[in-house]
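**Student:** One file: protein-v8.csv (CSV, C-alpha atoms).
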```csv
chain,number,residue,atom,x,y,z
A,202,MET,CA,31.9,0.3,-11.3
A,203,PHE,CA,33.6,-0.7,-8.1
A,204,PRO,CA,31.9,1.0,-5.1
A,205,LYS,CA,34.2,3.8,-3.8
A,206,ASP,CA,33.2,3.3,-0.2
A,207,LYS,CA,35.2,0.1,-0.3
A,208,LEU,CA,38.2,1.6,-2.1
A,209,ARG,CA,40.5,2.2,0.9
A,210,ARG,CA,40.2,-1.4,1.9
A,211,ALA,CA,40.7,-2.6,-1.6
A,212,LEU,CA,44.1,-0.9,-1.9
A,213,ALA,CA,45.7,-3.3,0.6
A,214,LEU,CA,47.7,-5.3,-2.0
A,215,TYR,CA,47.7,-3.5,-5.3
A,216,ALA,CA,49.1,-5.7,-8.1
A,217,VAL,CA,50.6,-3.8,-11.1
A,218,THR,CA,51.1,-5.9,-14.2
A,219,ASP,CA,54.3,-6.0,-16.2
A,220,ARG,CA,54.6,-8.5,-19.0
A,221,MET,CA,58.4,-8.4,-19.0
A,222,TRP,CA,58.3,-10.7,-15.9
A,223,LEU,CA,55.9,-13.3,-17.3
A,224,ARG,CA,58.4,-15.4,-19.1
A,225,GLY,CA,56.0,-16.8,-21.7
A,226,ARG,CA,53.1,-17.2,-19.2
A,227,SER,CA,49.8,-15.7,-20.1
A,228,LEU,CA,48.8,-12.4,-18.5
A,229,VAL,CA,45.4,-13.6,-17.7
A,230,ALA,CA,46.7,-16.7,-16.0
A,231,CYS,CA,49.2,-14.7,-14.0
A,232,VAL,CA,46.5,-12.2,-12.8
A,233,GLU,CA,44.2,-15.1,-11.9
A,234,ASP,CA,47.0,-16.5,-9.7
A,235,ALA,CA,47.6,-13.2,-8.1
A,236,LEU,CA,43.9,-12.8,-7.3
A,237,ALA,CA,43.8,-16.3,-5.9
A,238,GLY,CA,46.7,-15.4,-3.7
A,239,GLY,CA,45.0,-12.4,-2.3
A,240,ALA,CA,45.6,-9.4,-4.5
A,241,THR,CA,42.9,-6.8,-3.8
A,242,PHE,CA,43.4,-4.4,-6.7
A,243,VAL,CA,44.8,-4.8,-10.3
A,244,GLN,CA,46.3,-2.2,-12.5
A,245,LEU,CA,47.1,-2.9,-16.2
A,246,ARG,CA,50.4,-1.2,-17.0
A,247,GLU,CA,51.3,-1.3,-20.7
A,248,LYS,CA,53.6,1.7,-21.2
A,249,GLU,CA,54.6,1.1,-24.9
A,250,ALA,CA,51.4,-0.5,-26.3
A,251,PRO,CA,48.9,1.4,-28.5
A,252,CYS,CA,45.5,2.2,-27.1
A,253,ALA,CA,43.6,-0.5,-29.0
A,254,GLU,CA,46.0,-3.1,-27.7
A,255,ILE,CA,45.7,-1.9,-24.2
A,256,ALA,CA,41.9,-2.0,-24.4
A,257,LEU,CA,42.0,-5.5,-25.8
A,258,ARG,CA,44.2,-6.7,-22.9
A,259,ALA,CA,42.0,-4.9,-20.4
A,260,ARG,CA,38.9,-6.7,-21.7
A,261,THR,CA,40.5,-10.0,-21.0
A,262,LEU,CA,41.3,-9.1,-17.4
A,263,ILE,CA,38.1,-7.3,-16.4
A,264,PRO,CA,35.9,-10.4,-16.1
A,265,VAL,CA,38.6,-12.1,-14.0
A,266,CYS,CA,38.8,-9.1,-11.6
A,267,ARG,CA,35.0,-8.7,-11.5
A,268,ALA,CA,34.6,-12.3,-10.6
A,269,ALA,CA,37.0,-11.8,-7.7
A,270,GLY,CA,35.3,-8.5,-6.7
A,271,VAL,CA,38.5,-6.6,-7.2
A,272,PRO,CA,38.8,-3.1,-8.8
A,273,PHE,CA,40.6,-2.9,-12.1
A,274,VAL,CA,42.2,0.2,-13.6
A,275,VAL,CA,44.3,1.0,-16.6
A,276,ASN,CA,47.6,3.0,-16.3
A,277,ASP,CA,47.8,6.3,-18.1
A,278,ASP,CA,45.5,5.6,-21.1
A,279,ILE,CA,42.1,7.2,-20.3
A,280,GLU,CA,40.6,6.2,-23.7
A,281,ALA,CA,41.6,2.5,-23.3
A,282,ALA,CA,40.0,2.6,-19.9
A,283,ARG,CA,36.8,4.0,-21.4
A,284,VAL,CA,36.6,1.6,-24.3
A,285,SER,CA,37.4,-1.5,-22.3
A,286,GLY,CA,34.9,-0.6,-19.5
A,287,ALA,CA,37.6,-0.6,-16.7
A,288,ASP,CA,36.7,0.7,-13.3
A,289,GLY,CA,39.0,3.6,-13.8
A,290,VAL,CA,42.5,4.9,-14.6
A,291,HIS,CA,45.7,5.7,-12.8
A,292,VAL,CA,47.5,8.8,-14.1
A,293,GLY,CA,51.0,10.3,-13.4
A,294,GLN,CA,52.0,13.9,-12.9
A,295,GLY,CA,52.8,14.1,-16.6
A,296,ASP,CA,49.7,12.3,-17.8
A,297,ALA,CA,46.1,13.5,-18.2
A,298,ALA,CA,44.7,15.6,-15.4
A,299,VAL,CA,42.1,14.3,-13.0
A,300,SER,CA,39.5,16.6,-14.6
A,301,GLU,CA,40.1,15.1,-18.1
A,302,ALA,CA,39.7,11.6,-16.7
A,303,ARG,CA,36.4,12.6,-15.0
A,304,ASP,CA,35.2,14.2,-18.2
A,305,VAL,CA,35.8,11.0,-20.2
A,306,LEU,CA,35.1,8.3,-17.6
A,307,GLY,CA,32.5,9.9,-15.4
A,308,ALA,CA,32.1,10.7,-11.7
A,309,ASP,CA,31.8,7.1,-10.7
A,310,ALA,CA,35.2,6.1,-12.1
A,311,ILE,CA,38.2,5.4,-9.9
A,312,VAL,CA,40.9,8.0,-10.6
A,313,GLY,CA,44.3,7.4,-9.0
A,314,VAL,CA,47.2,9.9,-9.2
A,315,SER,CA,50.9,9.4,-8.7
A,316,ALA,CA,52.6,11.8,-6.3
A,317,GLN,CA,56.1,12.4,-5.1
A,318,THR,CA,55.7,15.5,-2.9
A,319,VAL,CA,53.2,16.9,-0.4
A,320,GLU,CA,52.3,19.6,-2.8
A,321,GLN,CA,51.5,17.2,-5.6
A,322,ALA,CA,49.4,15.1,-3.1
A,323,LEU,CA,47.4,18.0,-2.0
A,324,SER,CA,46.9,19.2,-5.6
A,325,ALA,CA,45.6,15.8,-6.6
A,326,GLN,CA,43.3,15.6,-3.7
A,327,ALA,CA,41.9,19.0,-4.5
A,328,ALA,CA,41.4,18.0,-8.1
A,329,GLY,CA,39.2,15.1,-7.1
A,330,ALA,CA,41.6,12.1,-7.1
A,331,ASP,CA,40.2,9.0,-5.4
A,332,TYR,CA,43.6,7.8,-4.2
A,333,LEU,CA,47.3,8.5,-4.4
A,334,GLY,CA,50.1,6.2,-5.6
A,335,VAL,CA,53.2,7.5,-3.7
A,336,GLY,CA,56.7,6.5,-4.7
A,337,ALA,CA,59.1,5.4,-5.4
A,338,VAL,CA,59.4,4.6,-1.7
A,339,PHE,CA,62.5,2.5,-2.4
A,340,GLY,CA,64.7,2.1,-5.5
A,341,THR,CA,63.1,-0.2,-8.1
A,342,SER,CA,64.2,-1.9,-11.3
A,343,THR,CA,60.7,-1.4,-12.7
A,344,LYS,CA,61.1,2.3,-12.9
A,345,PRO,CA,64.8,3.0,-12.5
A,346,ASP,CA,64.4,6.7,-13.2
A,347,ALA,CA,61.8,7.3,-10.5
A,348,ASP,CA,62.8,9.7,-7.7
A,349,GLU,CA,62.8,8.1,-4.3
A,350,VAL,CA,60.5,9.7,-1.8
A,351,GLY,CA,61.5,7.4,1.1
A,352,LEU,CA,59.6,6.4,4.1
A,353,ALA,CA,59.6,10.0,5.6
A,354,GLY,CA,58.2,11.4,2.3
A,355,LEU,CA,55.5,8.7,2.3
A,356,ALA,CA,54.5,9.4,5.9
A,357,ALA,CA,54.3,13.2,5.2
A,358,MET,CA,52.0,12.7,2.3
A,359,CYS,CA,49.8,10.2,4.2
A,360,ALA,CA,49.5,12.8,7.0
A,361,ALA,CA,48.7,15.6,4.5
A,362,VAL,CA,45.7,14.1,2.7
A,363,ASP,CA,42.4,12.5,3.6
A,364,ILE,CA,42.2,10.2,0.5
A,365,PRO,CA,43.7,6.7,0.6
A,366,VAL,CA,47.4,6.3,-0.2
A,367,VAL,CA,49.1,3.3,-1.6
A,368,ALA,CA,52.9,3.0,-1.5
A,369,ILE,CA,54.8,1.9,-4.5
A,370,GLY,CA,58.4,1.3,-5.5
A,371,GLY,CA,60.8,-1.5,-4.4
A,372,LEU,CA,58.1,-3.2,-2.3
A,373,ASN,CA,58.5,-6.9,-1.6
A,374,ALA,CA,58.3,-9.4,1.3
A,375,ARG,CA,61.5,-7.8,2.8
A,376,THR,CA,60.6,-4.1,2.4
A,377,VAL,CA,56.8,-4.1,3.1
A,378,PRO,CA,57.3,-4.4,6.9
A,379,LEU,CA,59.2,-1.1,6.7
A,380,LEU,CA,55.8,0.6,5.8
A,381,ALA,CA,54.6,0.2,9.4
A,382,GLY,CA,53.6,3.5,11.0
A,383,THR,CA,53.7,5.5,7.7
A,384,GLY,CA,49.9,5.7,7.4
A,385,ALA,CA,49.8,4.0,4.1
A,386,ASP,CA,46.7,2.1,3.2
A,387,GLY,CA,48.3,-0.4,1.0
A,388,ALA,CA,51.3,-1.6,-1.0
A,389,ALA,CA,51.6,-1.6,-4.8
A,390,VAL,CA,53.7,-4.5,-6.1
A,391,VAL,CA,55.1,-5.4,-9.5
A,392,SER,CA,57.9,-7.9,-9.7
A,393,ALA,CA,57.5,-9.4,-6.3
A,394,ILE,CA,54.2,-10.8,-7.7
A,395,PHE,CA,54.7,-11.2,-11.4
A,396,ALA,CA,58.3,-12.3,-11.5
A,397,ALA,CA,57.7,-15.0,-9.0
A,398,ASP,CA,57.9,-18.6,-10.1
A,399,ASP,CA,54.8,-19.4,-8.0
A,400,ILE,CA,52.7,-16.2,-8.3
A,401,ARG,CA,49.8,-17.5,-6.1
A,402,THR,CA,52.1,-18.5,-3.2
A,403,ALA,CA,54.2,-15.3,-3.5
A,404,THR,CA,51.0,-13.2,-3.4
A,405,LYS,CA,49.5,-15.0,-0.5
A,406,GLU,CA,52.7,-14.4,1.5
A,407,LEU,CA,52.8,-10.7,0.5
A,408,PHE,CA,49.1,-10.3,1.5
A,409,ALA,CA,49.7,-11.7,4.9
A,410,THR,CA,52.7,-9.4,5.4
A,411,VAL,CA,50.8,-6.4,4.2
A,412,LYS,CA,47.8,-7.1,6.4
A,413,GLU,CA,50.0,-7.6,9.5
A,414,THR,CA,52.2,-4.6,8.7
A,415,LEU,CA,49.5,-2.1,8.1
A,416,CYS,CA,47.1,-3.6,10.6
A,417,LEU,CA,44.4,-3.9,8.0
A,418,GLU,CA,41.0,-5.4,8.3
A,419,THR,CA,40.3,-6.6,4.7
A,420,ASN,CA,37.3,-8.8,5.1
```
Once more with this new file: its structure as structure tokens, please.
**Tutor:**
Amino acid sequence: MFPKDKLRRALALYAVTDRMWLRGRSLVACVEDALAGGATFVQLREKEAPCAEIALRARTLIPVCRAAGVPFVVNDDIEAARVSGADGVHVGQGDAAVSEARDVLGADAIVGVSAQTVEQALSAQAAGADYLGVGAVFGTSTKPDADEVGLAGLAAMCAAVDIPVVAIGGLNARTVPLLAGTGADGAAVVSAIFAADDIRTATKELFATVKETLCLETN
């Protein structure tokens, strides 16, 4: 399992996969390019796939992430995370509770929780979440039905909790600089990485922007 004392730093550029953007390219190759460009965290997001299929895809990505020293989690599906040997899981407000994830995956697993309000953020922290995914900060085509929390909402949640916070929703090279001063520990990105023609170059540019914007020391 990825050491939790390094988790805050690892959230800097959080790459969330979405195969709709791959245009025939292999998921493994795209994740390899993202890692080569500087992605510091990978989440496998497969909303419609069955557990066995998610676990199979996770198993192909885990060695790549381990070789890069980057944590790897599965979105929503706790059982797929367990079966595949992922570092943990990211759950939403409507998904399994933190306690269930801990029961299945153990105390050493990384458990992230989505939050849209200060109350949800505080509740997730109290339940034992390791980090929060806060958003949507801006409107996004990846999750068009997601409520926007905005920069003020993000800053309020960052100030309310002690655990790391990664911003998500509509983040790209143009919007990442707007995170300055919010207290966020990182930016979660989907299409700005995986829809790019040159994923490695796009990720490298995003990583530089994130590092400068959030004043991060990632080495």
**Student:** With all atoms listed in the file as the counted atoms, please give the residues lying no more than 7 Å from region 270-278 of chain A, apart from itself and same-chain residues fewer than 5 positions off, as a PDB file with C-alpha atoms, in the frame of the given file.
**Tutor:**
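Dumped to around_14.pdb:
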```
ATOM      1  CA  PHE A 203      33.600  -0.700  -8.100  1.00  0.00           C
ATOM      2  CA  THR A 241      42.900  -6.800  -3.800  1.00  0.00           C
ATOM      3  CA  PHE A 242      43.400  -4.400  -6.700  1.00  0.00           C
ATOM      4  CA  VAL A 243      44.800  -4.800 -10.300  1.00  0.00           C
ATOM      5  CA  GLN A 244      46.300  -2.200 -12.500  1.00  0.00           C
ATOM      6  CA  LEU A 245      47.100  -2.900 -16.200  1.00  0.00           C
ATOM      7  CA  ARG A 246      50.400  -1.200 -17.000  1.00  0.00           C
ATOM      8  CA  CYS A 252      45.500   2.200 -27.100  1.00  0.00           C
ATOM      9  CA  ILE A 263      38.100  -7.300 -16.400  1.00  0.00           C
ATOM     10  CA  ALA A 287      37.600  -0.600 -16.700  1.00  0.00           C
ATOM     11  CA  ASP A 288      36.700   0.700 -13.300  1.00  0.00           C
ATOM     12  CA  GLY A 289      39.000   3.600 -13.800  1.00  0.00           C
ATOM     13  CA  VAL A 290      42.500   4.900 -14.600  1.00  0.00           C
ATOM     14  CA  HIS A 291      45.700   5.700 -12.800  1.00  0.00           C
ATOM     15  CA  VAL A 292      47.500   8.800 -14.100  1.00  0.00           C
ATOM     16  CA  GLY A 293      51.000  10.300 -13.400  1.00  0.00           C
ATOM     17  CA  ASP A 296      49.700  12.300 -17.800  1.00  0.00           C
TER      18      ASP A 296
END
```
**Student:** Please compute the CA of Glu406 (chain A)-CA of Val362 (chain A) distance, one decimal, in Å.
**Tutor:**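 CA of Val362 (chain A) lies at a distance of 29.4 Å from CA of Glu406 (chain A).
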**Student:** Could you tell me how far CA of Val367 (chain A) sits from CA of Leu236 (chain A), in Å to one decimal place?
**Tutor:**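 CA of Val367 (chain A) lies at a distance of 17.9 Å from CA of Leu236 (chain A).
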**Student:** Return the single residue from A:Val390, A:Ala240, A:Ala337, A:Val319 that is closest to Thr402 (chain A), with distances computed using only C-alpha atoms.
**Tutor:**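 Looking only at the distances to Thr402 (chain A), the closest residue turns out to be A:Ala240.
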**Student:** Compile the contact shell of Gly307 (chain A) as a list in words: residues with an atom at most 12 Å away, counting only C-alpha atoms, same-chain residues fewer than 3 positions apart removed.
**Tutor:**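 So the residues in contact are Met202, Ile279, Ala282, Arg283, Gly286, Ala287, Asp288, Gly289, Val290, Val299, Ser300, Glu301, Ala302, Arg303, Asp304, Ala310, Ile311, Val312 and Gly329 of chain A.
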**Student:** Enter the distance from CA of Ala250 (chain A) to CA of Leu372 (chain A), in Å, rounded to one decimal.
**Tutor:**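 Result for CA of Ala250 (chain A) versus CA of Leu372 (chain A): 25.1 Å, one decimal.
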**Student:** Ranking A:Ser227, A:Thr261, A:Thr376, A:Ser324 by minimum distance to Ala389 (chain A) and counting all atoms listed in the file, which one comes first?
**Tutor:**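 Smallest distance to Ala389 (chain A) is found for A:Thr376.
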**Student:** Pick out the closest residue to Val411 (chain A) from this set: A:Leu352, A:Glu280, A:Lys205, A:Ala213. Count all atoms listed in the file.
**Tutor:**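 Among the listed residues, the smallest separation from Val411 (chain A) belongs to A:Ala213.
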**Student:** Counting all atoms listed in the file, which of A:Glu413, A:Asp206, A:Asp234, A:Asp386 gets nearest to Asp309 (chain A)?
**Tutor:**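 Of A:Glu413, A:Asp206, A:Asp234, A:Asp386, the one nearest Asp309 (chain A) is A:Asp206, counting all atoms listed in the file.
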**Student:** Which residues are close to Ala322 (chain A), i.e. within 8 Å by all atoms listed in the file, leaving aside same-chain residues fewer than 2 positions away? Reply as a list in words.
**Tutor:**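 In the requested form, the answer reads Ala316, Gln317, Thr318, Val319, Glu320, Ser324, Ala325, Gln326, Leu333, Met358, Ala361 and Val362 of chain A.
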**Student:** Quick one: residues within 10 Å of Ser285 (chain A), all atoms listed in the file, excluding same-chain residues fewer than 6 positions away - as a list in words?
**Tutor:**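 Here the qualifying residues turn out to be Ala253, Ile255, Ala256, Leu257, Arg258, Ala259, Arg260, Thr261, Leu262, Ile263 and Val275 of chain A.
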**Student:** Can I get region 282-308 of chain A with N, CA and C atoms filled in, as a compact mmCIF listing (two decimals), in the coordinates of the input?
**Tutor:**
```txt
# COMPACT_ATOMS: atom_id res chain seq x y z
N ALA A 282 40.82 2.89 -21.03
CA ALA A 282 40.00 2.60 -19.90
C ALA A 282 38.50 2.74 -20.23
N ARG A 283 38.19 3.78 -20.99
CA ARG A 283 36.80 4.00 -21.40
C ARG A 283 36.28 2.92 -22.31
N VAL A 284 37.05 2.61 -23.33
CA VAL A 284 36.60 1.60 -24.30
C VAL A 284 36.47 0.24 -23.74
N SER A 285 37.36 -0.10 -22.84
CA SER A 285 37.40 -1.50 -22.30
C SER A 285 36.30 -1.64 -21.19
N GLY A 286 35.87 -0.53 -20.57
CA GLY A 286 34.90 -0.60 -19.50
C GLY A 286 35.60 -0.87 -18.12
N ALA A 287 36.86 -0.47 -18.01
CA ALA A 287 37.60 -0.60 -16.70
C ALA A 287 36.94 0.24 -15.66
N ASP A 288 37.27 -0.05 -14.41
CA ASP A 288 36.70 0.70 -13.30
C ASP A 288 37.31 2.11 -13.19
N GLY A 289 38.44 2.32 -13.86
CA GLY A 289 39.00 3.60 -13.80
C GLY A 289 40.42 3.67 -14.41
N VAL A 290 41.19 4.67 -14.00
CA VAL A 290 42.50 4.90 -14.60
C VAL A 290 43.44 5.42 -13.51
N HIS A 291 44.73 5.15 -13.69
CA HIS A 291 45.70 5.70 -12.80
C HIS A 291 46.63 6.61 -13.69
N VAL A 292 46.76 7.88 -13.32
CA VAL A 292 47.50 8.80 -14.10
C VAL A 292 48.72 9.35 -13.32
N GLY A 293 49.79 9.69 -14.02
CA GLY A 293 51.00 10.30 -13.40
C GLY A 293 50.91 11.78 -13.46
N GLN A 294 51.93 12.41 -12.92
CA GLN A 294 52.00 13.90 -12.90
C GLN A 294 52.08 14.41 -14.37
N GLY A 295 52.69 13.63 -15.26
CA GLY A 295 52.80 14.10 -16.60
C GLY A 295 51.72 13.60 -17.55
N ASP A 296 50.77 12.87 -17.00
CA ASP A 296 49.70 12.30 -17.80
C ASP A 296 48.46 13.23 -17.73
N ALA A 297 47.35 12.74 -18.22
CA ALA A 297 46.10 13.50 -18.20
C ALA A 297 45.69 13.94 -16.84
N ALA A 298 45.13 15.10 -16.73
CA ALA A 298 44.70 15.60 -15.40
C ALA A 298 43.45 14.85 -14.95
N VAL A 299 43.22 14.96 -13.65
CA VAL A 299 42.10 14.30 -13.00
C VAL A 299 40.77 14.78 -13.73
N SER A 300 40.68 16.06 -14.01
CA SER A 300 39.50 16.60 -14.60
C SER A 300 39.20 15.97 -15.99
N GLU A 301 40.25 15.72 -16.76
CA GLU A 301 40.10 15.10 -18.10
C GLU A 301 39.58 13.65 -17.89
N ALA A 302 40.16 12.95 -16.92
CA ALA A 302 39.70 11.60 -16.70
C ALA A 302 38.25 11.56 -16.26
N ARG A 303 37.85 12.51 -15.43
CA ARG A 303 36.40 12.60 -15.00
C ARG A 303 35.53 12.89 -16.20
N ASP A 304 35.96 13.80 -17.05
CA ASP A 304 35.20 14.20 -18.20
C ASP A 304 34.90 12.95 -19.11
N VAL A 305 35.92 12.11 -19.26
CA VAL A 305 35.80 11.00 -20.20
C VAL A 305 35.16 9.77 -19.48
N LEU A 306 35.51 9.50 -18.23
CA LEU A 306 35.10 8.30 -17.60
C LEU A 306 33.90 8.44 -16.64
N GLY A 307 33.61 9.67 -16.24
CA GLY A 307 32.50 9.90 -15.40
C GLY A 307 32.81 9.98 -13.91
N ALA A 308 31.87 10.48 -13.14
CA ALA A 308 32.10 10.70 -11.70
C ALA A 308 32.30 9.44 -10.92
```
